[in-house]
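**Student:** Following this line is work.pdb, made up of PDB, C-alpha atoms and all ligand atoms:
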ATOM      1  CA  MET A 491      37.610  24.613 -60.739  1.00  0.00           C
ATOM      2  CA  ALA A 492      38.462  21.949 -63.314  1.00  0.00           C
ATOM      3  CA  THR A 493      37.104  18.503 -62.597  1.00  0.00           C
ATOM      4  CA  PRO A 494      39.952  16.154 -61.676  1.00  0.00           C
ATOM      5  CA  LYS A 495      40.343  12.892 -63.558  1.00  0.00           C
ATOM      6  CA  TYR A 496      41.752  11.102 -60.548  1.00  0.00           C
ATOM      7  CA  ILE A 497      41.114  11.522 -56.830  1.00  0.00           C
ATOM      8  CA  VAL A 498      43.401  10.130 -54.172  1.00  0.00           C
ATOM      9  CA  VAL A 499      41.884   9.901 -50.710  1.00  0.00           C
ATOM     10  CA  LEU A 500      44.414   9.901 -47.916  1.00  0.00           C
ATOM     11  CA  GLN A 501      43.087   8.270 -44.758  1.00  0.00           C
ATOM     12  CA  CYS A 502      44.408   7.942 -41.213  1.00  0.00           C
ATOM     13  CA  HIS A 503      46.224   4.635 -40.823  1.00  0.00           C
ATOM     14  CA  ILE A 504      45.217   4.295 -37.176  1.00  0.00           C
ATOM     15  CA  VAL A 505      41.551   4.957 -37.882  1.00  0.00           C
ATOM     16  CA  LYS A 506      41.622   2.493 -40.785  1.00  0.00           C
ATOM     17  CA  GLU A 507      42.492  -0.276 -38.365  1.00  0.00           C
ATOM     18  CA  ARG A 508      38.796  -0.315 -37.549  1.00  0.00           C
ATOM     19  CA  CYS A 509      37.189   1.568 -40.425  1.00  0.00           C
ATOM     20  CA  SER A 510      36.627  -0.002 -43.840  1.00  0.00           C
ATOM     21  CA  GLY A 511      36.496   3.409 -45.477  1.00  0.00           C
ATOM     22  CA  PHE A 512      32.973   2.763 -46.718  1.00  0.00           C
ATOM     23  CA  PHE A 513      31.706   6.241 -45.914  1.00  0.00           C
ATOM     24  CA  CYS A 514      34.555   7.867 -47.855  1.00  0.00           C
ATOM     25  CA  GLU A 515      33.711   5.797 -50.933  1.00  0.00           C
ATOM     26  CA  ASN A 516      29.988   6.318 -50.443  1.00  0.00           C
ATOM     27  CA  ALA A 517      30.415  10.096 -50.253  1.00  0.00           C
ATOM     28  CA  PHE A 518      32.438   9.977 -53.466  1.00  0.00           C
ATOM     29  CA  TRP A 519      29.939   7.750 -55.255  1.00  0.00           C
ATOM     30  CA  ASN A 520      27.063  10.054 -54.309  1.00  0.00           C
ATOM     31  CA  ARG A 521      29.119  13.238 -54.780  1.00  0.00           C
ATOM     32  CA  GLN A 522      28.475  14.363 -51.225  1.00  0.00           C
ATOM     33  CA  GLY A 523      30.556  16.026 -48.530  1.00  0.00           C
ATOM     34  CA  GLY A 524      34.015  16.914 -49.787  1.00  0.00           C
ATOM     35  CA  PHE A 525      33.095  15.611 -53.260  1.00  0.00           C
ATOM     36  CA  ALA A 526      29.885  17.619 -53.677  1.00  0.00           C
ATOM     37  CA  ASP A 527      31.396  19.944 -56.305  1.00  0.00           C
ATOM     38  CA  TYR A 528      32.261  17.147 -58.705  1.00  0.00           C
ATOM     39  CA  PRO A 529      29.826  16.269 -61.511  1.00  0.00           C
ATOM     40  CA  GLN A 530      28.134  12.878 -61.501  1.00  0.00           C
ATOM     41  CA  ASP A 531      28.308  12.500 -65.250  1.00  0.00           C
ATOM     42  CA  GLN A 532      32.088  12.594 -65.645  1.00  0.00           C
ATOM     43  CA  PRO A 533      34.286   9.584 -65.003  1.00  0.00           C
ATOM     44  CA  ILE A 534      36.643  10.141 -62.090  1.00  0.00           C
ATOM     45  CA  ARG A 535      38.976   7.454 -60.827  1.00  0.00           C
ATOM     46  CA  LEU A 536      39.395   6.944 -57.091  1.00  0.00           C
ATOM     47  CA  LEU A 537      42.281   5.561 -55.067  1.00  0.00           C
ATOM     48  CA  THR A 538      42.383   5.329 -51.296  1.00  0.00           C
ATOM     49  CA  LEU A 539      45.622   5.242 -49.333  1.00  0.00           C
ATOM     50  CA  THR A 540      46.513   5.414 -45.692  1.00  0.00           C
ATOM     51  CA  CYS A 541      49.359   7.536 -44.397  1.00  0.00           C
ATOM     52  CA  GLY A 542      51.175   4.420 -43.150  1.00  0.00           C
ATOM     53  CA  GLY A 543      51.018   5.413 -39.486  1.00  0.00           C
ATOM     54  CA  CYS A 544      52.439   8.304 -37.486  1.00  0.00           C
ATOM     55  CA  CYS A 545      54.111  10.500 -38.472  1.00  0.00           C
ATOM     56  CA  GLY A 546      52.688   9.872 -41.933  1.00  0.00           C
ATOM     57  CA  ARG A 547      56.039   9.836 -43.700  1.00  0.00           C
ATOM     58  CA  ALA A 548      55.101   6.787 -45.799  1.00  0.00           C
ATOM     59  CA  THR A 549      52.734   9.094 -47.663  1.00  0.00           C
ATOM     60  CA  LEU A 550      55.698  10.416 -49.627  1.00  0.00           C
ATOM     61  CA  ARG A 551      56.747   6.957 -50.800  1.00  0.00           C
ATOM     62  CA  LYS A 552      53.204   5.917 -51.577  1.00  0.00           C
ATOM     63  CA  LEU A 553      52.569   9.041 -53.627  1.00  0.00           C
ATOM     64  CA  SER A 554      55.876   8.601 -55.454  1.00  0.00           C
ATOM     65  CA  HIS A 555      54.876   5.058 -56.370  1.00  0.00           C
ATOM     66  CA  PHE A 556      51.415   6.184 -57.430  1.00  0.00           C
ATOM     67  CA  LEU A 557      52.709   9.013 -59.632  1.00  0.00           C
ATOM     68  CA  LYS A 558      55.264   6.806 -61.343  1.00  0.00           C
ATOM     69  CA  ARG A 559      52.619   4.220 -62.175  1.00  0.00           C
ATOM     70  CA  LEU A 560      50.169   6.900 -63.240  1.00  0.00           C
ATOM     71  CA  ARG A 561      52.650   8.373 -65.726  1.00  0.00           C
ATOM     72  CA  LYS A 562      53.558   4.983 -67.114  1.00  0.00           C
ATOM     73  CA  HIS A 563      50.161   3.313 -67.267  1.00  0.00           C
ATOM     74  CA  SER A 564      47.605   6.043 -67.845  1.00  0.00           C
ATOM     75  CA  ASP A 565      47.052   9.166 -69.887  1.00  0.00           C
ATOM     76  CA  ILE A 566      46.333  11.182 -66.748  1.00  0.00           C
ATOM     77  CA  SER A 567      48.885  13.752 -65.647  1.00  0.00           C
ATOM     78  CA  PRO A 568      49.595  14.919 -62.071  1.00  0.00           C
ATOM     79  CA  PRO A 569      47.791  18.271 -62.519  1.00  0.00           C
ATOM     80  CA  GLU A 570      44.643  16.251 -63.198  1.00  0.00           C
ATOM     81  CA  VAL A 571      44.910  14.571 -59.781  1.00  0.00           C
ATOM     82  CA  VAL A 572      43.494  15.973 -56.545  1.00  0.00           C
ATOM     83  CA  LEU A 573      44.226  14.522 -53.138  1.00  0.00           C
ATOM     84  CA  HIS A 574      41.482  14.687 -50.525  1.00  0.00           C
ATOM     85  CA  PHE A 575      42.417  14.468 -46.902  1.00  0.00           C
ATOM     86  CA  ALA A 576      39.852  12.154 -45.337  1.00  0.00           C
ATOM     87  CA  SER A 577      37.698  13.756 -42.689  1.00  0.00           C
ATOM     88  CA  CYS A 578      39.353  11.568 -40.047  1.00  0.00           C
ATOM     89  CA  ILE A 579      42.610  13.405 -40.766  1.00  0.00           C
ATOM     90  CA  CYS A 580      41.450  16.972 -41.163  1.00  0.00           C
ATOM     91  CA  LYS A 581      38.545  17.224 -38.719  1.00  0.00           C
ATOM     92  CA  GLU A 582      37.752  16.258 -35.151  1.00  0.00           C
ATOM     93  CA  ASN A 583      35.329  13.393 -35.264  1.00  0.00           C
ATOM     94  CA  PHE A 584      34.031  10.248 -33.640  1.00  0.00           C
ATOM     95  CA  HIS A 585      37.458   8.604 -33.942  1.00  0.00           C
ATOM     96  CA  GLY A 586      39.438  11.369 -32.263  1.00  0.00           C
ATOM     97  CA  PRO A 587      41.009  14.791 -32.732  1.00  0.00           C
ATOM     98  CA  LYS A 588      42.357  15.754 -36.113  1.00  0.00           C
ATOM     99  CA  CYS A 589      45.777  14.472 -37.094  1.00  0.00           C
ATOM    100  CA  PRO A 590      48.604  16.049 -35.083  1.00  0.00           C
ATOM    101  CA  HIS A 591      50.808  15.750 -38.179  1.00  0.00           C
ATOM    102  CA  TYR A 592      48.371  17.370 -40.571  1.00  0.00           C
ATOM    103  CA  ASP A 593      50.674  20.228 -41.581  1.00  0.00           C
ATOM    104  CA  TYR A 594      53.456  17.737 -42.249  1.00  0.00           C
ATOM    105  CA  LEU A 595      51.153  15.623 -44.423  1.00  0.00           C
ATOM    106  CA  LYS A 596      50.163  18.694 -46.416  1.00  0.00           C
ATOM    107  CA  GLU A 597      53.823  19.488 -46.966  1.00  0.00           C
ATOM    108  CA  LEU A 598      54.489  15.976 -48.280  1.00  0.00           C
ATOM    109  CA  VAL A 599      51.583  16.205 -50.703  1.00  0.00           C
ATOM    110  CA  GLU A 600      52.727  19.607 -51.907  1.00  0.00           C
ATOM    111  CA  ARG A 601      56.278  18.333 -52.383  1.00  0.00           C
ATOM    112  CA  LYS A 602      54.874  15.749 -54.759  1.00  0.00           C
ATOM    113  CA  GLY A 603      53.221  18.612 -56.649  1.00  0.00           C
ATOM    114  CA  LEU A 604      49.652  17.548 -56.005  1.00  0.00           C
ATOM    115  CA  ALA A 605      46.687  19.775 -55.319  1.00  0.00           C
ATOM    116  CA  TRP A 606      44.731  18.893 -52.197  1.00  0.00           C
ATOM    117  CA  ARG A 607      41.352  19.539 -50.648  1.00  0.00           C
ATOM    118  CA  GLU A 608      39.885  18.876 -47.239  1.00  0.00           C
ATOM    119  CA  GLY A 609      37.210  16.364 -46.399  1.00  0.00           C
ATOM    120  CA  THR A 610      35.537  13.255 -47.698  1.00  0.00           C
ATOM    121  CA  ARG A 611      32.449  12.061 -45.837  1.00  0.00           C
ATOM    122  CA  ILE A 612      31.073  14.941 -43.813  1.00  0.00           C
ATOM    123  CA  SER A 613      28.274  13.904 -41.503  1.00  0.00           C
ATOM    124  CA  ASP A 614      25.638  16.517 -40.607  1.00  0.00           C
ATOM    125  CA  HIS A 615      25.646  15.263 -37.036  1.00  0.00           C
ATOM    126  CA  ALA A 616      29.406  15.776 -36.700  1.00  0.00           C
ATOM    127  CA  GLU A 617      29.247  19.202 -38.355  1.00  0.00           C
ATOM    128  CA  ASN A 618      26.528  20.285 -35.915  1.00  0.00           C
ATOM    129  CA  ARG A 619      28.543  19.136 -32.950  1.00  0.00           C
ATOM    130  CA  ARG A 620      31.645  20.920 -34.178  1.00  0.00           C
ATOM    131  CA  ASP A 621      29.640  24.110 -34.887  1.00  0.00           C
ATOM    132  CA  GLU A 622      27.800  24.091 -31.573  1.00  0.00           C
ATOM    133  CA  LEU A 623      30.662  23.174 -29.292  1.00  0.00           C
ATOM    134  CA  GLY A 624      33.651  24.348 -31.308  1.00  0.00           C
ATOM    135  CA  HIS A 625      35.107  20.907 -30.757  1.00  0.00           C
ATOM    136  CA  TRP A 626      34.092  17.275 -30.548  1.00  0.00           C
ATOM    137  CA  THR A 627      33.387  15.645 -27.217  1.00  0.00           C
ATOM    138  CA  TRP A 628      34.129  12.030 -26.508  1.00  0.00           C
ATOM    139  CA  LYS A 629      32.331   9.981 -23.889  1.00  0.00           C
ATOM    140  CA  LYS A 630      34.126   9.710 -20.592  1.00  0.00           C
ATOM    141  CA  GLU A 631      35.173   6.118 -19.847  1.00  0.00           C
TER     142      GLU A 631
HETATM  143  S1  LIG A 701      36.734   9.666 -43.173  1.00  0.00           S
HETATM  144 FE1  LIG A 701      35.412   8.239 -42.121  1.00  0.00          FE
HETATM  145  S2  LIG A 701      34.977   6.599 -43.616  1.00  0.00           S
HETATM  146 FE2  LIG A 701      36.751   7.745 -44.346  1.00  0.00          FE
HETATM  147  S3  LIG A 701      38.505   6.543 -43.572  1.00  0.00           S
HETATM  148 FE3  LIG A 701      38.097   8.212 -42.119  1.00  0.00          FE
HETATM  149  S4  LIG A 701      36.737   7.310 -40.560  1.00  0.00           S
HETATM  150 FE4  LIG A 701      36.736   5.956 -42.352  1.00  0.00          FE
HETATM  151  S1  LIG A 702      50.048  10.689 -39.007  1.00  0.00           S
HETATM  152 FE1  LIG A 702      47.980  11.458 -38.620  1.00  0.00          FE
HETATM  153  S2  LIG A 702      46.763  10.488 -40.197  1.00  0.00           S
HETATM  154 FE2  LIG A 702      48.635   9.270 -40.023  1.00  0.00          FE
HETATM  155  S3  LIG A 702      48.225   7.668 -38.489  1.00  0.00           S
HETATM  156 FE3  LIG A 702      49.109   9.411 -37.386  1.00  0.00          FE
HETATM  157  S4  LIG A 702      47.270  10.530 -36.687  1.00  0.00           S
HETATM  158 FE4  LIG A 702      46.605   9.201 -38.357  1.00  0.00          FE
END
How does this structure look as structure tokens?
Ligand code: SF4
Ligand code: SF4
**Tutor:**
Amino acid sequence: MATPKYIVVLQCHIVKERCSGFFCENAFWNRQGGFADYPQDQPIRLLTLTCGGCCGRATLRKLSHFLKRLRKHSDISPPEVVLHFASCICKENFHGPKCPHYDYLKELVERKGLAWREGTRISDHAENRRDELGHWTWKKE
């Protein structure tokens, strides 16, 4: 697996209404969770985006804008970019079930010709709960 030069993290717009995204960035900085395979000693740029809200269609426009600017203002090409679906999109977690439009989002990313991977911050606690129960449980109100 070649090390990407640029990582785009796609995050859930609804979740980002209350989440700063710190744990995504922190996992990247420390090369943990979904970023654990990337070397610490190579420069990798990072961009975070939200899907724009259900059904996530704005992702296409945002990625189009990003790729145009990337081609014009950097020496990085699209094959050197990897998109990571944030854990709040691709996994059940504290914030709710995984995105109901996940397959659609993957299709949009693929239509823009980008490679993608799953996960950003992956908490041990959440992984244990998913492994033990097969699903997340939320507190009853
Ligand atoms: S994965 Fe976690 S830190 Fe990243 S945007 Fe989603 S809720 Fe926030
Ligand atoms: S489309 Fe999915 S990722 Fe985007 S806001 Fe809706 S639930 Fe969140």
**Student:** Show which residues sit within 10 Å of Phe512 of chain A, as an MDAnalysis selection string. Count only C-alpha atoms, and ignore same-chain residues fewer than 5 positions away.
**Tutor:** chainID A and resid 517:518 611
**Student:** On this file, the PyMOL selection byres (((not hetatm)) within 9 of (chain A and resi 701)) gives some set of residues; write that set as a PyMOL selection string.
**Tutor:** chain A and resi 499-503+505-506+508-517+538+540+575-581+583-585+609-612
**Student:** List all protein, DNA and RNA residues that have an atom no more than 6 Å from any atom of ligand LIG 702 (chain A), counting all atoms listed in the file, and report them as a VMD selection string.
**Tutor:** chain A and resid 502 to 504 541 543 to 546 579 589 to 591
**Student:** Tell me, as a list in words, which residues lie within 12 Å of Pro529 of chain A, counting all atoms listed in the file; anything in the same chain fewer than 3 positions away does not count.
**Tutor:**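 With the cut-off at 12 Å, the set is Met491, Ala492, Thr493, Pro494, Lys495, Phe518, Trp519, Asn520, Arg521, Gln522, Phe525, Ala526, Gln532, Pro533 and Ile534 of chain A.
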**Student:** Running the PyMOL selection byres (((chain A and resi 497) around 7) and not hetatm) on this model by hand, what would come out? Give it as a list in words.
**Tutor:**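 Those residues are Pro494, Lys495, Tyr496, Val498, Val499, Arg535, Leu536, Leu537, Val571, Val572 and Leu573 of chain A.
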**Student:** Could you work out how far atom CA of Leu595 of chain A lies from atom CA of His563 of chain A, giving the answer in Å with one decimal?
**Tutor:**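 Atom CA of Leu595 of chain A lies 26.0 Å from atom CA of His563 of chain A.
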**Student:** List, as a PyMOL selection string, every residue that the PyMOL selection byres (((chain A and resi 556) around 12) and not hetatm) selects in the file provided.
**Tutor:** chain A and resi 496-498+537-539+549-555+557-564+566-568+571+573+602+604
**Student:** So what do you get for atom CA of Glu617 of chain A versus atom CA of Tyr594 of chain A, distance-wise?
**Tutor:**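 One can read the atom CA of Glu617 of chain A to atom CA of Tyr594 of chain A distance as 24.6 Å.
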**Student:** Of the residues A:Asp527, A:Glu600, A:Gly542, A:Tyr592, which is the one nearest to Glu507 of chain A, using all atoms listed in the file?
**Tutor:** A:Gly542
**Student:** Which distance in Å separates atom CA of Arg601 of chain A and atom CA of Gly586 of chain A, to one decimal?
**Tutor:**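 A separation of 27.1 Å between them.
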**Student:** Could I see segment 500-511 of chain A restored to all heavy atoms, set down as a PDB file, in the frame of the given file?
**Tutor:**
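The result, stored in rebuild.pdb:
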ATOM      1  N   LEU A 500      43.439  10.300 -48.932  1.00  0.00           N
ATOM      2  CA  LEU A 500      44.414   9.901 -47.916  1.00  0.00           C
ATOM      3  C   LEU A 500      43.695   9.763 -46.576  1.00  0.00           C
ATOM      4  O   LEU A 500      43.048  10.715 -46.107  1.00  0.00           O
ATOM      5  CB  LEU A 500      45.543  10.929 -47.810  1.00  0.00           C
ATOM      6  CG  LEU A 500      46.696  10.488 -46.902  1.00  0.00           C
ATOM      7  CD1 LEU A 500      47.467   9.313 -47.511  1.00  0.00           C
ATOM      8  CD2 LEU A 500      47.659  11.651 -46.635  1.00  0.00           C
ATOM      9  N   GLN A 501      43.813   8.578 -46.000  1.00  0.00           N
ATOM     10  CA  GLN A 501      43.087   8.270 -44.758  1.00  0.00           C
ATOM     11  C   GLN A 501      44.068   7.994 -43.615  1.00  0.00           C
ATOM     12  O   GLN A 501      45.209   7.596 -43.846  1.00  0.00           O
ATOM     13  CB  GLN A 501      42.202   7.032 -44.984  1.00  0.00           C
ATOM     14  CG  GLN A 501      41.149   7.257 -46.063  1.00  0.00           C
ATOM     15  CD  GLN A 501      40.548   5.970 -46.607  1.00  0.00           C
ATOM     16  OE1 GLN A 501      41.243   4.955 -46.714  1.00  0.00           O
ATOM     17  NE2 GLN A 501      39.280   6.018 -46.971  1.00  0.00           N
ATOM     18  N   CYS A 502      43.581   8.177 -42.410  1.00  0.00           N
ATOM     19  CA  CYS A 502      44.408   7.942 -41.213  1.00  0.00           C
ATOM     20  C   CYS A 502      44.635   6.438 -41.025  1.00  0.00           C
ATOM     21  O   CYS A 502      43.684   5.664 -40.949  1.00  0.00           O
ATOM     22  CB  CYS A 502      43.699   8.527 -39.993  1.00  0.00           C
ATOM     23  SG  CYS A 502      44.499   8.121 -38.431  1.00  0.00           S
ATOM     24  N   HIS A 503      45.885   6.059 -40.948  1.00  0.00           N
ATOM     25  CA  HIS A 503      46.224   4.635 -40.823  1.00  0.00           C
ATOM     26  C   HIS A 503      45.652   4.039 -39.533  1.00  0.00           C
ATOM     27  O   HIS A 503      45.170   2.902 -39.523  1.00  0.00           O
ATOM     28  CB  HIS A 503      47.749   4.495 -40.838  1.00  0.00           C
ATOM     29  CG  HIS A 503      48.221   3.100 -41.046  1.00  0.00           C
ATOM     30  ND1 HIS A 503      48.407   2.566 -42.300  1.00  0.00           N
ATOM     31  CD2 HIS A 503      48.535   2.123 -40.160  1.00  0.00           C
ATOM     32  CE1 HIS A 503      48.824   1.304 -42.186  1.00  0.00           C
ATOM     33  NE2 HIS A 503      48.915   1.017 -40.901  1.00  0.00           N
ATOM     34  N   ILE A 504      45.715   4.802 -38.474  1.00  0.00           N
ATOM     35  CA  ILE A 504      45.217   4.295 -37.176  1.00  0.00           C
ATOM     36  C   ILE A 504      43.706   4.095 -37.244  1.00  0.00           C
ATOM     37  O   ILE A 504      43.179   3.060 -36.825  1.00  0.00           O
ATOM     38  CB  ILE A 504      45.588   5.270 -36.037  1.00  0.00           C
ATOM     39  CG1 ILE A 504      47.107   5.321 -35.867  1.00  0.00           C
ATOM     40  CG2 ILE A 504      44.917   4.864 -34.729  1.00  0.00           C
ATOM     41  CD1 ILE A 504      47.585   6.422 -34.921  1.00  0.00           C
ATOM     42  N   VAL A 505      43.012   5.076 -37.786  1.00  0.00           N
ATOM     43  CA  VAL A 505      41.551   4.957 -37.882  1.00  0.00           C
ATOM     44  C   VAL A 505      41.170   3.787 -38.786  1.00  0.00           C
ATOM     45  O   VAL A 505      40.223   3.039 -38.515  1.00  0.00           O
ATOM     46  CB  VAL A 505      40.934   6.281 -38.392  1.00  0.00           C
ATOM     47  CG1 VAL A 505      39.465   6.101 -38.737  1.00  0.00           C
ATOM     48  CG2 VAL A 505      41.106   7.376 -37.353  1.00  0.00           C
ATOM     49  N   LYS A 506      41.952   3.573 -39.859  1.00  0.00           N
ATOM     50  CA  LYS A 506      41.622   2.493 -40.785  1.00  0.00           C
ATOM     51  C   LYS A 506      41.823   1.101 -40.193  1.00  0.00           C
ATOM     52  O   LYS A 506      41.440   0.106 -40.795  1.00  0.00           O
ATOM     53  CB  LYS A 506      42.434   2.625 -42.078  1.00  0.00           C
ATOM     54  CG  LYS A 506      41.979   3.708 -43.038  1.00  0.00           C
ATOM     55  CD  LYS A 506      40.590   3.553 -43.686  1.00  0.00           C
ATOM     56  CE  LYS A 506      40.308   2.314 -44.453  1.00  0.00           C
ATOM     57  NZ  LYS A 506      40.757   2.265 -45.827  1.00  0.00           N
ATOM     58  N   GLU A 507      42.406   1.042 -39.007  1.00  0.00           N
ATOM     59  CA  GLU A 507      42.492  -0.276 -38.365  1.00  0.00           C
ATOM     60  C   GLU A 507      41.104  -0.788 -37.984  1.00  0.00           C
ATOM     61  O   GLU A 507      40.904  -1.975 -37.793  1.00  0.00           O
ATOM     62  CB  GLU A 507      43.399  -0.198 -37.124  1.00  0.00           C
ATOM     63  CG  GLU A 507      44.867  -0.093 -37.516  1.00  0.00           C
ATOM     64  CD  GLU A 507      45.775   0.169 -36.327  1.00  0.00           C
ATOM     65  OE1 GLU A 507      45.282   0.319 -35.193  1.00  0.00           O
ATOM     66  OE2 GLU A 507      46.995   0.242 -36.559  1.00  0.00           O
ATOM     67  N   ARG A 508      40.152   0.143 -37.855  1.00  0.00           N
ATOM     68  CA  ARG A 508      38.796  -0.315 -37.549  1.00  0.00           C
ATOM     69  C   ARG A 508      37.749   0.193 -38.528  1.00  0.00           C
ATOM     70  O   ARG A 508      36.578  -0.177 -38.444  1.00  0.00           O
ATOM     71  CB  ARG A 508      38.400   0.029 -36.118  1.00  0.00           C
ATOM     72  CG  ARG A 508      38.390   1.489 -35.798  1.00  0.00           C
ATOM     73  CD  ARG A 508      37.855   1.735 -34.403  1.00  0.00           C
ATOM     74  NE  ARG A 508      36.425   1.469 -34.320  1.00  0.00           N
ATOM     75  CZ  ARG A 508      35.669   1.837 -33.301  1.00  0.00           C
ATOM     76  NH1 ARG A 508      36.200   2.443 -32.268  1.00  0.00           N
ATOM     77  NH2 ARG A 508      34.379   1.578 -33.280  1.00  0.00           N
ATOM     78  N   CYS A 509      38.154   1.034 -39.458  1.00  0.00           N
ATOM     79  CA  CYS A 509      37.189   1.568 -40.425  1.00  0.00           C
ATOM     80  C   CYS A 509      37.481   0.999 -41.808  1.00  0.00           C
ATOM     81  O   CYS A 509      38.633   1.012 -42.254  1.00  0.00           O
ATOM     82  CB  CYS A 509      37.289   3.093 -40.467  1.00  0.00           C
ATOM     83  SG  CYS A 509      36.326   3.801 -41.818  1.00  0.00           S
ATOM     84  N   SER A 510      36.449   0.537 -42.484  1.00  0.00           N
ATOM     85  CA  SER A 510      36.627  -0.002 -43.840  1.00  0.00           C
ATOM     86  C   SER A 510      36.830   1.100 -44.866  1.00  0.00           C
ATOM     87  O   SER A 510      37.284   0.846 -45.984  1.00  0.00           O
ATOM     88  CB  SER A 510      35.393  -0.815 -44.233  1.00  0.00           C
ATOM     89  OG  SER A 510      34.269   0.066 -44.349  1.00  0.00           O
ATOM     90  N   GLY A 511      36.434   2.311 -44.510  1.00  0.00           N
ATOM     91  CA  GLY A 511      36.496   3.409 -45.477  1.00  0.00           C
ATOM     92  C   GLY A 511      35.227   3.532 -46.303  1.00  0.00           C
ATOM     93  O   GLY A 511      35.168   4.324 -47.245  1.00  0.00           O
TER      94      GLY A 511
END
